[in-house]
$ cat query-v6.tsv   # TSV, C-alpha atoms
chain	number	residue	atom	x	y	z
A	17	MET	CA	208.77	-137.32	-50.93
A	18	TYR	CA	209.30	-134.31	-48.64
A	19	LYS	CA	212.24	-135.92	-46.86
A	20	TYR	CA	213.97	-136.41	-50.21
A	21	PHE	CA	213.22	-132.78	-51.11
A	22	PHE	CA	214.56	-131.66	-47.73
A	23	ARG	CA	217.86	-133.48	-48.28
A	24	LEU	CA	218.14	-132.26	-51.87
A	25	VAL	CA	217.14	-128.61	-51.43
A	26	PHE	CA	216.46	-127.25	-47.94
A	27	LYS	CA	219.39	-128.96	-46.24
A	28	ARG	CA	221.75	-127.21	-48.67
A	29	LEU	CA	220.33	-123.77	-47.88
A	30	ASP	CA	221.03	-121.56	-44.91
A	31	PRO	CA	218.26	-122.46	-42.41
A	32	GLU	CA	216.84	-118.94	-42.24
A	33	GLN	CA	216.88	-118.63	-46.02
A	34	ALA	CA	215.12	-121.99	-46.32
A	35	HIS	CA	212.50	-120.84	-43.82
A	36	HIS	CA	211.73	-117.68	-45.79
A	37	LEU	CA	211.57	-119.61	-49.07
A	38	ALA	CA	209.20	-122.28	-47.73
A	39	PHE	CA	207.03	-119.73	-45.95
A	40	ARG	CA	206.76	-117.68	-49.14
A	41	TRP	CA	205.54	-120.75	-51.04
A	42	ILE	CA	202.98	-121.48	-48.33
A	43	ARG	CA	201.64	-117.91	-48.43
A	44	LEU	CA	201.46	-117.90	-52.22
A	45	ALA	CA	199.54	-121.19	-52.26
A	46	ALA	CA	197.05	-119.80	-49.74
A	47	ARG	CA	196.28	-116.89	-52.08
A	48	VAL	CA	195.13	-119.13	-54.96
A	49	PRO	CA	191.47	-120.07	-54.34
A	50	VAL	CA	191.30	-123.47	-56.06
A	51	LEU	CA	194.75	-124.52	-54.92
A	52	ARG	CA	194.21	-123.60	-51.28
A	53	THR	CA	190.88	-125.45	-51.22
A	54	PHE	CA	192.53	-128.56	-52.61
A	55	LEU	CA	195.48	-128.35	-50.22
A	56	ALA	CA	193.28	-127.76	-47.18
A	57	ALA	CA	191.16	-130.79	-48.09
A	58	ALA	CA	194.28	-132.94	-48.41
A	59	LEU	CA	196.35	-131.57	-45.55
A	60	ALA	CA	193.80	-130.36	-43.00
A	61	PRO	CA	190.99	-132.93	-42.78
A	62	ARG	CA	188.52	-132.34	-39.95
A	63	TYR	CA	187.63	-135.00	-37.41
A	64	LYS	CA	184.70	-134.46	-35.09
A	65	GLU	CA	186.42	-136.64	-32.47
A	66	LEU	CA	189.16	-134.01	-32.12
A	67	ARG	CA	186.98	-130.96	-31.62
A	68	THR	CA	188.41	-129.07	-28.70
A	69	GLU	CA	187.20	-126.37	-26.35
A	70	ALA	CA	189.93	-124.45	-24.57
A	71	LEU	CA	190.32	-120.92	-23.23
A	72	GLY	CA	186.62	-120.39	-23.95
A	73	LEU	CA	187.33	-121.02	-27.64
A	74	ARG	CA	186.22	-123.75	-30.01
A	75	MET	CA	188.81	-125.36	-32.26
A	76	HIS	CA	188.78	-128.11	-34.88
A	77	GLY	CA	191.45	-129.92	-32.90
A	78	PRO	CA	194.14	-129.47	-30.26
A	79	PHE	CA	197.18	-129.08	-32.53
A	80	GLY	CA	198.62	-125.64	-33.18
A	81	LEU	CA	201.64	-123.84	-34.55
A	82	ALA	CA	203.97	-122.54	-31.86
A	83	ALA	CA	205.19	-118.96	-31.86
A	84	GLY	CA	208.31	-118.20	-33.85
A	85	PHE	CA	207.33	-119.43	-37.30
A	86	ASP	CA	205.02	-116.55	-38.25
A	87	LYS	CA	206.45	-113.66	-36.29
A	88	ASN	CA	204.59	-110.91	-38.13
A	89	ALA	CA	201.13	-112.38	-38.82
A	90	VAL	CA	201.75	-112.65	-42.55
A	91	GLY	CA	200.83	-116.30	-43.12
A	92	ILE	CA	197.98	-117.29	-40.82
A	93	ASP	CA	195.79	-118.63	-43.63
A	94	GLY	CA	198.67	-120.61	-45.07
A	95	MET	CA	199.41	-122.34	-41.80
A	96	ALA	CA	195.73	-123.12	-41.25
A	97	MET	CA	195.69	-124.60	-44.76
A	98	LEU	CA	198.42	-126.99	-43.62
A	99	GLY	CA	196.31	-128.29	-40.74
A	100	PHE	CA	197.16	-126.18	-37.71
A	101	ASP	CA	194.05	-125.73	-35.56
A	102	HIS	CA	195.43	-122.61	-33.94
A	103	VAL	CA	198.27	-120.33	-34.99
A	104	GLU	CA	200.32	-118.41	-32.45
A	105	ILE	CA	202.02	-115.44	-34.07
A	106	GLY	CA	205.03	-113.58	-32.70
A	107	THR	CA	206.92	-113.05	-30.59
A	108	VAL	CA	205.93	-109.40	-31.14
A	109	THR	CA	207.71	-106.62	-29.26
A	110	GLY	CA	206.62	-103.09	-28.45
A	111	GLU	CA	208.98	-101.63	-31.05
A	112	PRO	CA	210.28	-103.08	-34.33
A	113	GLN	CA	213.68	-104.70	-34.11
A	114	PRO	CA	215.98	-106.57	-36.50
A	115	GLY	CA	216.99	-109.26	-34.06
A	116	ASN	CA	220.48	-110.61	-33.56
A	117	PRO	CA	223.16	-110.67	-36.28
A	118	LYS	CA	223.10	-113.55	-38.76
A	119	GLN	CA	223.82	-116.47	-38.76
A	120	ARG	CA	221.33	-117.04	-35.98
A	121	LEU	CA	219.50	-120.26	-36.88
A	122	PHE	CA	221.14	-123.69	-37.00
A	123	ARG	CA	219.87	-127.16	-37.88
A	124	LEU	CA	220.98	-130.14	-35.83
A	125	VAL	CA	219.74	-132.70	-38.35
A	126	LYS	CA	221.12	-135.75	-36.54
A	127	ASP	CA	219.16	-134.67	-33.47
A	128	ARG	CA	216.07	-133.43	-35.32
A	129	ALA	CA	216.58	-130.15	-33.53
A	130	LEU	CA	217.21	-126.46	-34.06
A	131	ILE	CA	219.25	-123.84	-32.26
A	132	ASN	CA	218.09	-120.27	-32.66
A	133	ARG	CA	219.25	-116.95	-31.36
A	134	MET	CA	216.91	-114.89	-33.52
A	135	GLY	CA	216.37	-112.24	-30.85
A	136	PHE	CA	212.69	-111.43	-31.44
A	137	ASN	CA	213.16	-110.06	-34.96
A	138	ASN	CA	209.75	-108.61	-35.86
A	139	ASP	CA	207.89	-105.61	-37.26
A	140	GLY	CA	206.76	-104.31	-33.88
A	141	SER	CA	203.33	-104.28	-32.25
A	142	LEU	CA	201.98	-101.26	-34.14
A	143	ARG	CA	202.55	-102.75	-37.60
A	144	VAL	CA	201.48	-106.24	-36.59
A	145	ALA	CA	198.28	-104.87	-35.06
A	146	ALA	CA	197.52	-102.98	-38.28
A	147	ARG	CA	198.11	-106.16	-40.29
A	148	LEU	CA	195.76	-108.15	-38.07
A	149	ALA	CA	193.13	-105.39	-38.23
A	150	SER	CA	193.15	-105.40	-42.04
A	151	ARG	CA	193.16	-109.19	-42.38
A	152	THR	CA	190.33	-110.78	-44.33
A	153	PRO	CA	190.58	-114.42	-43.28
A	154	VAL	CA	190.07	-117.27	-45.72
A	155	PHE	CA	190.46	-119.86	-43.01
A	156	LYS	CA	189.58	-119.14	-39.41
A	157	PRO	CA	191.94	-120.81	-36.98
A	158	VAL	CA	192.19	-119.49	-33.47
A	159	VAL	CA	194.93	-116.83	-33.49
A	160	GLY	CA	197.14	-116.37	-30.47
A	161	VAL	CA	199.46	-113.39	-30.09
A	162	ASN	CA	202.74	-113.88	-28.26
A	163	ILE	CA	204.33	-110.70	-26.86
A	164	GLY	CA	207.83	-110.07	-25.53
A	165	LYS	CA	210.17	-107.32	-24.38
A	166	THR	CA	211.90	-104.97	-26.81
A	167	LYS	CA	215.64	-105.59	-26.46
A	168	VAL	CA	216.66	-101.96	-25.86
A	169	VAL	CA	214.04	-101.47	-23.14
A	170	PRO	CA	215.65	-101.76	-19.70
A	171	GLU	CA	214.34	-104.46	-17.40
A	172	GLU	CA	212.80	-101.90	-15.04
A	173	GLU	CA	210.66	-100.57	-17.92
A	174	ALA	CA	209.60	-103.99	-19.19
A	175	VAL	CA	206.06	-103.79	-17.80
A	176	ALA	CA	205.26	-100.65	-19.77
A	177	ASP	CA	206.69	-102.22	-22.92
A	178	TYR	CA	204.49	-105.31	-22.56
A	179	VAL	CA	201.46	-103.16	-21.75
A	180	LYS	CA	201.96	-101.15	-24.93
A	181	SER	CA	201.95	-104.33	-27.02
A	182	ALA	CA	198.94	-105.72	-25.15
A	183	GLU	CA	196.93	-102.55	-25.73
A	184	ARG	CA	197.70	-102.62	-29.44
A	185	LEU	CA	197.24	-106.33	-30.05
A	186	ALA	CA	194.56	-107.55	-27.63
A	187	PRO	CA	191.66	-106.44	-29.86
A	188	TYR	CA	192.83	-108.85	-32.57
A	189	ALA	CA	193.97	-111.75	-30.39
A	190	ASP	CA	191.90	-114.80	-29.58
A	191	TYR	CA	194.38	-115.20	-26.74
A	192	LEU	CA	197.50	-113.38	-25.53
A	193	VAL	CA	200.76	-114.96	-24.38
A	194	VAL	CA	203.35	-113.22	-22.21
A	195	ASN	CA	206.73	-114.60	-23.26
A	196	VAL	CA	209.29	-114.31	-20.47
A	197	SER	CA	211.24	-117.41	-21.40
A	198	SER	CA	213.25	-116.80	-24.56
A	199	PRO	CA	216.99	-117.06	-23.88
A	200	ASN	CA	217.84	-114.61	-26.67
A	201	THR	CA	216.85	-111.27	-25.10
A	202	PRO	CA	219.20	-110.22	-22.27
A	203	GLY	CA	217.46	-110.21	-18.89
A	204	LEU	CA	214.17	-111.57	-20.20
A	205	ARG	CA	214.23	-114.80	-18.21
A	206	ASN	CA	214.68	-112.80	-15.01
A	207	LEU	CA	211.03	-111.85	-15.43
A	208	GLN	CA	210.04	-115.47	-14.67
A	209	ALA	CA	210.79	-114.87	-10.99
A	210	THR	CA	207.45	-114.50	-9.26
A	211	GLU	CA	208.29	-111.12	-7.71
A	212	ALA	CA	208.80	-109.74	-11.25
A	213	LEU	CA	206.17	-111.87	-12.95
A	214	ARG	CA	203.26	-110.90	-10.66
A	215	PRO	CA	203.21	-107.16	-11.52
A	216	LEU	CA	203.90	-107.89	-15.19
A	217	LEU	CA	201.02	-110.33	-15.63
A	218	SER	CA	198.69	-108.14	-13.58
A	219	ALA	CA	199.47	-105.12	-15.74
A	220	VAL	CA	198.98	-107.02	-19.00
A	221	ARG	CA	195.69	-108.43	-17.69
A	222	GLU	CA	194.48	-104.93	-16.83
A	223	ALA	CA	195.61	-103.58	-20.21
A	224	ALA	CA	193.74	-106.31	-22.10
A	225	ASP	CA	190.58	-105.73	-20.05
A	226	ARG	CA	190.83	-101.99	-20.48
A	227	THR	CA	191.32	-102.22	-24.23
A	228	VAL	CA	188.77	-104.96	-24.97
A	229	SER	CA	185.60	-104.58	-22.94
A	230	ALA	CA	183.26	-106.72	-25.05
A	231	ARG	CA	184.99	-110.01	-24.21
A	232	ARG	CA	187.69	-111.44	-22.00
A	233	VAL	CA	190.93	-112.01	-23.88
A	234	PRO	CA	192.50	-115.16	-22.41
A	235	LEU	CA	195.98	-114.56	-21.00
A	236	LEU	CA	198.73	-117.19	-20.79
A	237	VAL	CA	202.40	-117.19	-19.79
A	238	LYS	CA	205.11	-119.19	-21.56
A	239	ILE	CA	207.84	-120.64	-19.36
A	240	ALA	CA	211.27	-122.16	-19.90
A	241	PRO	CA	212.17	-125.82	-19.41
A	242	ASP	CA	215.25	-124.69	-17.50
A	243	LEU	CA	213.29	-123.53	-14.45
A	244	ALA	CA	213.99	-125.47	-11.29
A	245	ASP	CA	211.09	-127.62	-10.12
A	246	GLU	CA	210.31	-125.29	-7.22
A	247	ASP	CA	210.15	-122.37	-9.64
A	248	VAL	CA	207.75	-124.29	-11.88
A	249	ASP	CA	205.57	-124.79	-8.81
A	250	ALA	CA	205.80	-121.09	-7.96
A	251	VAL	CA	204.69	-120.04	-11.45
A	252	ALA	CA	201.83	-122.54	-11.30
A	253	ASP	CA	200.67	-121.15	-7.96
A	254	LEU	CA	200.96	-117.59	-9.24
A	255	ALA	CA	198.94	-118.40	-12.35
A	256	VAL	CA	196.12	-119.75	-10.21
A	257	GLU	CA	196.34	-116.82	-7.81
A	258	LEU	CA	196.10	-114.25	-10.62
A	259	GLY	CA	193.38	-116.10	-12.50
A	260	LEU	CA	195.49	-116.66	-15.60
A	261	ASP	CA	193.88	-118.71	-18.31
A	262	GLY	CA	196.84	-120.90	-19.11
A	263	ILE	CA	200.52	-121.80	-19.12
A	264	ILE	CA	202.54	-122.83	-22.16
A	265	ALA	CA	205.22	-125.40	-21.33
A	266	THR	CA	207.84	-125.03	-22.62
A	267	ASN	CA	210.05	-122.65	-24.58
A	268	THR	CA	213.54	-123.58	-25.85
A	269	THR	CA	216.35	-124.68	-23.57
A	270	ILE	CA	219.86	-123.34	-23.04
A	271	ALA	CA	220.96	-126.77	-21.77
A	272	ARG	CA	223.23	-128.99	-23.84
A	273	GLU	CA	224.50	-131.56	-21.35
A	274	GLY	CA	222.53	-134.71	-20.71
A	275	LEU	CA	220.47	-134.47	-23.89
A	276	GLY	CA	222.35	-137.11	-25.84
A	277	LEU	CA	223.11	-134.77	-28.71
A	278	LYS	CA	224.71	-136.45	-31.73
A	279	SER	CA	225.42	-133.44	-33.94
A	280	ASP	CA	228.87	-132.00	-34.50
A	281	ALA	CA	230.32	-130.17	-31.52
A	282	SER	CA	230.67	-127.03	-33.63
A	283	LEU	CA	226.88	-126.91	-33.93
A	284	VAL	CA	226.07	-128.00	-30.41
A	285	LYS	CA	228.18	-125.20	-28.93
A	286	GLU	CA	226.26	-122.47	-30.77
A	287	THR	CA	224.54	-120.16	-28.29
A	288	GLY	CA	220.78	-119.80	-28.31
A	289	GLY	CA	217.70	-121.81	-27.55
A	290	LEU	CA	217.61	-125.50	-28.46
A	291	SER	CA	214.29	-126.87	-29.68
A	292	GLY	CA	213.11	-130.14	-31.16
A	293	ALA	CA	213.40	-133.78	-30.16
A	294	PRO	CA	216.05	-133.41	-27.40
A	295	LEU	CA	213.66	-131.17	-25.47
A	296	LYS	CA	210.95	-133.83	-25.33
A	297	ASP	CA	211.60	-135.40	-21.95
A	298	ARG	CA	212.06	-132.21	-19.94
A	299	SER	CA	209.06	-130.50	-21.52
A	300	LEU	CA	206.90	-133.50	-20.70
A	301	GLU	CA	208.25	-133.54	-17.15
A	302	VAL	CA	207.43	-129.84	-16.64
A	303	LEU	CA	203.95	-130.38	-18.06
A	304	ARG	CA	203.25	-133.27	-15.69
A	305	ARG	CA	204.43	-131.20	-12.75
A	306	LEU	CA	202.21	-128.29	-13.75
A	307	TYR	CA	199.12	-130.47	-14.13
A	308	ALA	CA	199.75	-132.13	-10.76
A	309	ARG	CA	199.84	-128.63	-9.27
A	310	VAL	CA	196.95	-126.89	-11.06
A	311	GLY	CA	194.76	-129.73	-12.32
A	312	ASP	CA	191.90	-128.48	-14.46
A	313	ARG	CA	191.86	-124.98	-13.00
A	314	ILE	CA	193.78	-123.51	-15.91
A	315	THR	CA	194.55	-124.64	-19.47
A	316	LEU	CA	197.95	-126.14	-20.15
A	317	VAL	CA	199.57	-126.07	-23.58
A	318	GLY	CA	202.26	-128.67	-24.27
A	319	VAL	CA	205.08	-127.75	-26.64
A	320	GLY	CA	208.70	-128.82	-27.03
A	321	GLY	CA	209.91	-131.90	-28.86
A	322	ILE	CA	206.55	-132.95	-30.29
A	323	GLU	CA	207.35	-134.91	-33.45
A	324	ASN	CA	204.42	-137.22	-34.02
A	325	ALA	CA	200.95	-138.21	-32.85
A	326	GLU	CA	202.31	-140.35	-30.04
A	327	ASP	CA	204.18	-137.35	-28.63
A	328	ALA	CA	201.03	-135.24	-28.85
A	329	TRP	CA	198.98	-137.98	-27.20
A	330	GLN	CA	201.47	-138.27	-24.33
A	331	ARG	CA	201.20	-134.50	-23.74
A	332	ILE	CA	197.42	-134.77	-23.57
A	333	LEU	CA	197.63	-137.64	-21.08
A	334	ALA	CA	200.09	-135.51	-19.07
A	335	GLY	CA	197.66	-132.61	-18.80
A	336	ALA	CA	197.77	-130.59	-22.03
A	337	THR	CA	194.46	-129.52	-23.50
A	338	LEU	CA	196.33	-128.02	-26.46
A	339	VAL	CA	199.62	-129.03	-28.05
A	340	GLN	CA	201.90	-127.06	-30.34
A	341	GLY	CA	204.80	-127.77	-32.65
A	342	TYR	CA	207.33	-126.01	-34.80
A	343	SER	CA	210.76	-127.64	-35.12
A	344	ALA	CA	209.51	-131.01	-36.37
A	345	PHE	CA	207.61	-129.21	-39.14
A	346	ILE	CA	211.01	-128.41	-40.67
A	347	TYR	CA	211.85	-132.12	-40.84
A	348	GLU	CA	208.40	-133.59	-41.52
A	349	GLY	CA	206.98	-131.13	-44.05
A	350	PRO	CA	203.44	-130.26	-45.15
A	351	PHE	CA	201.82	-133.60	-44.29
A	352	TRP	CA	202.85	-133.28	-40.64
A	353	GLY	CA	199.57	-131.80	-39.39
A	354	ARG	CA	197.55	-134.44	-41.23
A	355	ALA	CA	199.62	-137.23	-39.67
A	356	ILE	CA	199.22	-135.77	-36.17
A	357	HIS	CA	195.45	-135.55	-36.53
A	358	LYS	CA	195.03	-139.04	-37.97
A	359	GLY	CA	197.26	-140.49	-35.29
A	360	LEU	CA	195.33	-138.78	-32.50
A	361	VAL	CA	192.04	-140.10	-33.87
A	362	ALA	CA	193.47	-143.62	-33.92
A	363	ARG	CA	194.81	-143.38	-30.36
A	364	LEU	CA	191.58	-141.96	-28.99
A	365	ALA	CA	189.61	-144.75	-30.68
A	366	THR	CA	191.66	-147.46	-28.96
A	367	SER	CA	191.81	-145.70	-25.60
A	368	PRO	CA	189.37	-145.99	-22.68
A	369	TYR	CA	188.40	-142.32	-23.11
A	370	ALA	CA	185.27	-141.17	-24.89
A	371	THR	CA	186.66	-137.73	-25.73
A	372	LEU	CA	189.98	-135.92	-25.83
A	373	ALA	CA	188.82	-133.87	-22.85
A	374	ASP	CA	188.48	-137.09	-20.84
A	375	ALA	CA	192.07	-138.00	-21.68
A	376	VAL	CA	193.58	-134.71	-20.52
A	377	GLY	CA	195.75	-135.41	-17.48
A	378	ALA	CA	194.66	-139.03	-17.20
A	379	ASP	CA	198.16	-140.37	-16.60
A	380	VAL	CA	198.87	-137.84	-13.86
A	381	ARG	CA	195.58	-138.53	-12.11
A	382	LYS	CA	196.40	-142.25	-12.05
A	383	THR	CA	199.54	-141.62	-10.06
A	384	ALA	CA	198.13	-138.95	-7.77

$ encode --input "query-v6.tsv" --output "structure tokens"
Amino acid sequence: MYKYFFRLVFKRLDPEQAHHLAFRWIRLAARVPVLRTFLAAALAPRYKELRTEALGLRMHGPFGLAAGFDKNAVGIDGMAMLGFDHVEIGTVTGEPQPGNPKQRLFRLVKDRALINRMGFNNDGSLRVAARLASRTPVFKPVVGVNIGKTKVVPEEEAVADYVKSAERLAPYADYLVVNVSSPNTPGLRNLQATEALRPLLSAVREAADRTVSARRVPLLVKIAPDLADEDVDAVADLAVELGLDGIIATNTTIAREGLGLKSDASLVKETGGLSGAPLKDRSLEVLRRLYARVGDRITLVGVGGIENAEDAWQRILAGATLVQGYSAFIYEGPFWGRAIHKGLVARLATSPYATLADAVGADVRKTA
């Protein structure tokens, strides 16, 4: 049904316009008490087998919405209604910014992928913090807050910009993510180098602790799939050294070669970050490498090319305690979360593992 609707309606619309239209419908549905209860029962069934503890938090399951869909924390209840166990909002920057000129979002339908060069378009940390502070939740998913650098802020002032966002947003975040891996903000990926990343993460950690004294706000870093293997290892070692709570692997890729892309060359050549199915293999490879390096010392979040329950299950076996998706939601529609959860239950039932926690990293441990 949804796939027919996608071909008939959404595929004919500009991708960004289609996103805003669909998101508006989701938010409206979440505001109608009887309707949202019905939809949550149909689309977000709970399975005790999938209950997950990660980052010191309890969740109904391991499957969450990756950052980028709800940049401004306007639709958290709606996304929970659709079955996401945690919702990561953002990326939020210190100051509001419009992002890059349109058109900046492209569908590669033949590849079940997206290219975006959105450029962190968002309302800024002050407004997003106020929105989170005034929120009266209907559903209560874990809410992560992903923060990035304001475009006009020079690289040498990036730490202060991140600290400002952390101070404003940490009180309302179940966890914080430092995003240094988007390809759409000039110079941002330079911050992944350990000599730049160490002071940045340390400063954000101190800001979160200073602002929120009643609890520890978990801190994660999100990395790119384009890092060389030795750089992945260096980030893993740094995360352990600094006592980070987790790593999210991975963001979008700037690569195009070697991905077997089938879409028209005019689309493939668009600049920006590629997400979706073509990212699957590299994201899984980075995740395996991270787990082999850090084991169970920190939480790993697998994202990038997850389309179905089998993909999510493979990320868990490779070391992910949590998994996230975004691009496949565009192609699969509102029953996607339900299908992921049902598929994970089925795979766990036929596996040798008693719990999801037992399955985390099992494939990597076998080959160690």

$ residues_around --input "query-v6.tsv" --residues "stretch 327-329 of chain A" --least-positions-apart "2" --cutoff "8 Å" --atoms "only C-alpha atoms" --output "list in words"
Gly321, Ile322, Glu323, Asn324, Ala325, Arg331, Ile332, Leu333, Val339, Ile356, Leu360 and Arg363 of chain A

$ atom_distance --input "query-v6.tsv" --atom1 "atom CA of A:Val251" --atom2 "atom CA of A:Glu326"
27.6 Å

$ atom_distance --input "query-v6.tsv" --atom1 "atom CA of A:Leu29" --atom2 "atom CA of A:Phe136"
21.9 Å

$ closest_atom_pairs --input "query-v6.tsv" --of "stretch 66-163 of chain A" --to "stretch 281-301 of chain A" --cutoff "12 Å" --atoms "only C-alpha atoms" --output "JSON lines"
{"residue": "A:Ala82", "atom": "CA", "partner": "A:Ser291", "partner_atom": "CA", "distance": 11.4}
{"residue": "A:Gly84", "atom": "CA", "partner": "A:Ser291", "partner_atom": "CA", "distance": 11.3}
{"residue": "A:Asn116", "atom": "CA", "partner": "A:Gly288", "partner_atom": "CA", "distance": 10.6}
{"residue": "A:Gln119", "atom": "CA", "partner": "A:Glu286", "partner_atom": "CA", "distance": 10.3}
{"residue": "A:Arg120", "atom": "CA", "partner": "A:Gly288", "partner_atom": "CA", "distance": 8.2}
{"residue": "A:Leu121", "atom": "CA", "partner": "A:Gly288", "partner_atom": "CA", "distance": 8.7}
{"residue": "A:Phe122", "atom": "CA", "partner": "A:Leu283", "partner_atom": "CA", "distance": 7.3}
{"residue": "A:Arg123", "atom": "CA", "partner": "A:Leu283", "partner_atom": "CA", "distance": 8.1}
{"residue": "A:Leu124", "atom": "CA", "partner": "A:Leu283", "partner_atom": "CA", "distance": 7.0}
{"residue": "A:Val125", "atom": "CA", "partner": "A:Gly292", "partner_atom": "CA", "distance": 10.1}
{"residue": "A:Lys126", "atom": "CA", "partner": "A:Ala293", "partner_atom": "CA", "distance": 10.2}
{"residue": "A:Asp127", "atom": "CA", "partner": "A:Ala293", "partner_atom": "CA", "distance": 6.7}
{"residue": "A:Arg128", "atom": "CA", "partner": "A:Ala293", "partner_atom": "CA", "distance": 5.8}
{"residue": "A:Ala129", "atom": "CA", "partner": "A:Gly292", "partner_atom": "CA", "distance": 4.2}
{"residue": "A:Leu130", "atom": "CA", "partner": "A:Ser291", "partner_atom": "CA", "distance": 5.3}
{"residue": "A:Ile131", "atom": "CA", "partner": "A:Leu290", "partner_atom": "CA", "distance": 4.5}
{"residue": "A:Asn132", "atom": "CA", "partner": "A:Gly288", "partner_atom": "CA", "distance": 5.1}
{"residue": "A:Arg133", "atom": "CA", "partner": "A:Gly288", "partner_atom": "CA", "distance": 4.4}
{"residue": "A:Met134", "atom": "CA", "partner": "A:Gly288", "partner_atom": "CA", "distance": 8.1}
{"residue": "A:Gly135", "atom": "CA", "partner": "A:Gly288", "partner_atom": "CA", "distance": 9.1}

$ write_last_selection --input "query-v6.tsv" --atoms "C-alpha atoms" --output "PDB file, in the coordinates of the input"
ATOM      1  CA  ALA A  82     203.970-122.540 -31.860  1.00  0.00           C
ATOM      2  CA  GLY A  84     208.310-118.200 -33.850  1.00  0.00           C
ATOM      3  CA  ASN A 116     220.480-110.610 -33.560  1.00  0.00           C
ATOM      4  CA  GLN A 119     223.820-116.470 -38.760  1.00  0.00           C
ATOM      5  CA  ARG A 120     221.330-117.040 -35.980  1.00  0.00           C
ATOM      6  CA  LEU A 121     219.500-120.260 -36.880  1.00  0.00           C
ATOM      7  CA  PHE A 122     221.140-123.690 -37.000  1.00  0.00           C
ATOM      8  CA  ARG A 123     219.870-127.160 -37.880  1.00  0.00           C
ATOM      9  CA  LEU A 124     220.980-130.140 -35.830  1.00  0.00           C
ATOM     10  CA  VAL A 125     219.740-132.700 -38.350  1.00  0.00           C
ATOM     11  CA  LYS A 126     221.120-135.750 -36.540  1.00  0.00           C
ATOM     12  CA  ASP A 127     219.160-134.670 -33.470  1.00  0.00           C
ATOM     13  CA  ARG A 128     216.070-133.430 -35.320  1.00  0.00           C
ATOM     14  CA  ALA A 129     216.580-130.150 -33.530  1.00  0.00           C
ATOM     15  CA  LEU A 130     217.210-126.460 -34.060  1.00  0.00           C
ATOM     16  CA  ILE A 131     219.250-123.840 -32.260  1.00  0.00           C
ATOM     17  CA  ASN A 132     218.090-120.270 -32.660  1.00  0.00           C
ATOM     18  CA  ARG A 133     219.250-116.950 -31.360  1.00  0.00           C
ATOM     19  CA  MET A 134     216.910-114.890 -33.520  1.00  0.00           C
ATOM     20  CA  GLY A 135     216.370-112.240 -30.850  1.00  0.00           C
TER      21      GLY A 135
END

$ residues_around --input "query-v6.tsv" --residues "A:Val380" --least-positions-apart "4" --cutoff "9 Å" --atoms "all atoms listed in the file" --output "list in words"
Arg304, Arg305, Tyr307, Ala308, Leu333, Ala334, Gly335 and Ala384 of chain A

$ closest_residue --input "query-v6.tsv" --among "A:Ala265, A:Ala145, A:Ala186, A:Ala96" --to "A:Arg62" --atoms "all atoms listed in the file"
A:Ala96
